[in-house]
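Below: one structure, written as structure tokens.
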Amino acid sequence: MDGTKSEVDVYRRRLLAAGTAGAAAGLGAWTPASLAQSAGAKPLPAFAAFKDANRLIVHSASGIETKREAFGTSGITDTDILFVRNNLGAPDAAITANPDAWQIEFDGVTNPRKLSVADLKRLGLANVAMVLQCSGNGRGFFGHKASGSQWKVGAAGNTLWSGVPVKAVVAELGGVRGGMRYMTSTGGETIPPGVDPKTVVVERSVPWTEMENAILAWELNGEPLPLAHGGPLRLVIPGYYGVNNVKYVKRLAFTEAQTGANIQSSGYRVRPIGDKGAPTQPTMWEMNLKSFVTHPAGGQMRAGLTQVHGVAYSGSSPVGAVEVSVDGGKTWRAARFFGPDLGRYAWRQFVLPVILPAGSYEITSRAIAEDGEVQPELRVENERAYAHNGWRDHAVKVTVA
């Protein structure tokens with residue numbers, strides 16, 4: 001089954017109709033690093049040592065989360081606090097020493113060939129503001145403790161990427177060959193010796209038409225793309241979960257079928273708890289509708305006027321409105337957007353001024369898309385804890401004195 005948002009929504013409705021309430025977020029357990037869980041403060045790994053540890057939660061060397069209160073109100077998520085999620089260990093940092101020399105192979109086009117980043121820079125230029133989000137963002141709210149980093153809200157960030165449009169490269173190479181249905185990208189991580197490559201290789205297939213929006217990026221937030229985020233070159237597909245935005249991309253092919261790599265055929269599949277992954281299950285492609293409050297972040301506050309603010313985003317129909325509740329969803333008030341609209345794939349910031357007398361509050365938000373879809377209350381329970389967008393779990397509790 002192709003993993004469209006509608007198919008995941010069908011899965012949601014089926015489970016809820018059966019009396020299952022929940023939400024999704026998760027990750028395949030097929031790499032040792034993915035099994036590491038947060039157990040108190042951990043040091044930043046060497047490849048991410050430039051980041052601001054005080055505003056991060058280090059779950060493991062392959063999972064680094066932005067603290068809720070660190071997002072701020074500027075709109076773009078600074079690279080030094082942007083989350084990190086790796087399925088394999090990062091390659092040697094030497095690959096970023098001369099980024100223009102990195103090569104990527106193109107196949108499934110009329111004129112297959114390898115091109116360097118320097119070659120790509122001659123073919124076109126574009127940038128896109130978009131939410132980068134791990135499929136498992138929100139996993140920490142699930143009760144069954146799916147393997148992987150126990151993210152709450154911070155495995156997401158609003159990012160600005162620059163590079164060459166994939167469609168410009170494809171045009172230079174004579175176009176896509178007939179019969180191709182998928183765009184399949186392969187990462188440049190080192191495969192551990194003695195391991196079957198297909199069991200661990202980061203190789204993802206998406207509908208081939210996504211080349212219209214995709215870029216091959218060498219710049220993040222105005223700076224050369226660092227190793228921690230896929231440098232020297234990363235495929236960026238706006239509106240799609242992070243795993244499809246392949247890091248250290250070394251091959252981009254148009255193919256008749258989806259890759260047989262485990263990360264595609266069984267990993268990142270939405271299925272009931274206890275079930276194994278299979279190609280017939282929805283895969284993590286398009287992101288669903290979501291919002292969460294970033295301030296207050298919980299704890300204690302002073303009574304009086306406060307600005308409740310947060311972020312909202314969607315991989316499909318743009319966010320049209322956001323509502324905020326301070327009583328756990330019993331009543332809702334319309335928030336307003338603030339800051340620039342950076343495009344349909346970026347998040348919108350919202351704010352609602354509220355006066356909070358002394359007492360206890362449960363503050364949350366729900367987004368409403370332009371097509372009328374409303375962010376759901378509950379998560380959909382699933383084995384890997386993927387795609388969690390329920391507003392109930394994302395609420396923050398505060399005590400006002």
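By order in the structure tokens, chains are A, B, ...; within a chain, residues start at 1; ligands start at 1, following the order shown.
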
Quick one: everything within 8 Å of segment 224-235 of chain A, counting only C-alpha atoms, minus sequence neighbours fewer than 4 positions away in the same chain. Send it as a list of chain:residue names.
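Within the cut-off, the hits are A:Phe47, A:Ala48, A:Val84, A:Ala90, A:Pro91, A:Ala93, A:Ile95, A:Thr96, A:Pro99, A:Asp100, A:Trp102, A:Val117, A:Ser185, A:Ala214, A:Ile215, A:Leu216, A:Ala217, A:Trp218, A:Glu219, A:Leu220, A:Asn244, A:Asn245, A:Val246, A:Lys247, A:Tyr248, A:Val249.
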
Produce a file of the selected residues containing C-alpha atoms, as a PDB file, in the first residue's frame.
```pdb
ATOM      1  CA  PHE A  47      29.271  15.386  14.822  1.00  0.00           C
ATOM      2  CA  ALA A  48      26.704  17.572  16.626  1.00  0.00           C
ATOM      3  CA  VAL A  84      18.822  15.139  14.861  1.00  0.00           C
ATOM      4  CA  ALA A  90      27.012   9.655  10.406  1.00  0.00           C
ATOM      5  CA  PRO A  91      29.780   9.250   7.790  1.00  0.00           C
ATOM      6  CA  ALA A  93      33.303  14.380   8.641  1.00  0.00           C
ATOM      7  CA  ILE A  95      33.066  14.341   3.291  1.00  0.00           C
ATOM      8  CA  THR A  96      32.148  17.942   4.132  1.00  0.00           C
ATOM      9  CA  PRO A  99      31.385  19.714  -0.482  1.00  0.00           C
ATOM     10  CA  ASP A 100      31.480  20.657  -4.164  1.00  0.00           C
ATOM     11  CA  TRP A 102      30.543  15.158  -3.545  1.00  0.00           C
ATOM     12  CA  VAL A 117      27.661  19.293  -6.273  1.00  0.00           C
ATOM     13  CA  SER A 185      17.054   7.944  -3.067  1.00  0.00           C
ATOM     14  CA  ALA A 214      12.007  18.361  -4.287  1.00  0.00           C
ATOM     15  CA  ILE A 215      15.413  19.992  -4.173  1.00  0.00           C
ATOM     16  CA  LEU A 216      18.929  18.694  -3.683  1.00  0.00           C
ATOM     17  CA  ALA A 217      20.092  20.972  -0.902  1.00  0.00           C
ATOM     18  CA  TRP A 218      23.604  22.029   0.070  1.00  0.00           C
ATOM     19  CA  GLU A 219      22.595  24.875   2.375  1.00  0.00           C
ATOM     20  CA  LEU A 220      20.521  24.978   5.582  1.00  0.00           C
ATOM     21  CA  ASN A 244      12.264  10.623   3.078  1.00  0.00           C
ATOM     22  CA  ASN A 245      14.630  13.599   3.126  1.00  0.00           C
ATOM     23  CA  VAL A 246      17.633  11.358   2.588  1.00  0.00           C
ATOM     24  CA  LYS A 247      20.935  12.563   4.049  1.00  0.00           C
ATOM     25  CA  TYR A 248      24.330  12.315   2.331  1.00  0.00           C
ATOM     26  CA  VAL A 249      22.377  11.416  -0.790  1.00  0.00           C
TER      27      VAL A 249
END
```

Check which residues of segment 218-328 of chain A sit at most 7 Å from segment 335-339 of chain A using only C-alpha atoms, and return one row each with the closest pair of atoms and their distance in Å to one decimal, ordered by chain and rising number, as JSON lines.
```
{"residue": "A:Val322", "atom": "CA", "partner": "A:Ala335", "partner_atom": "CA", "distance": 5.7}
{"residue": "A:Glu323", "atom": "CA", "partner": "A:Ala335", "partner_atom": "CA", "distance": 5.4}
{"residue": "A:Val324", "atom": "CA", "partner": "A:Ala335", "partner_atom": "CA", "distance": 6.3}
```

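Across the structure, atom CA of Cys134 of chain A and atom CA of Val153 of chain A are spaced 10.0 Å apart.
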
Where in segment 159-331 of chain A does DSSP assign strand (DSSP E), given as number ranges by chain?
A: 159-165, 182-187, 203-207, 215-220, 223-224, 234-236, 249-255, 290-295, 299-301, 304-313, 319-325

So which bits of segment 132-355 of chain A end up helix (DSSP H, G or I) when you DSSP the backbone, as a list of chain:residue names?
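The residues of segment 132-355 of chain A classed as helix (DSSP H, G or I) are A:Arg139, A:Gly140, A:Phe141, A:Val166, A:Lys167, A:Ala168, A:Val169, A:Val170, A:Ala171, A:Glu172, A:Pro197, A:Lys198, A:Thr199, A:Val200, A:Trp208, A:Thr209, A:Glu210, A:Met211, A:Glu212, A:Leu227, A:Ala228, A:His229, A:Gly242, A:Val243, A:Asn244, A:Asn262, A:Ile263, A:Gln264, A:Ser265.
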
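Proximity of A:Ser291, A:Lys397, A:Val195, A:Asp371 to Gly328 of chain A, computed with only C-alpha atoms, is greatest for A:Lys397.
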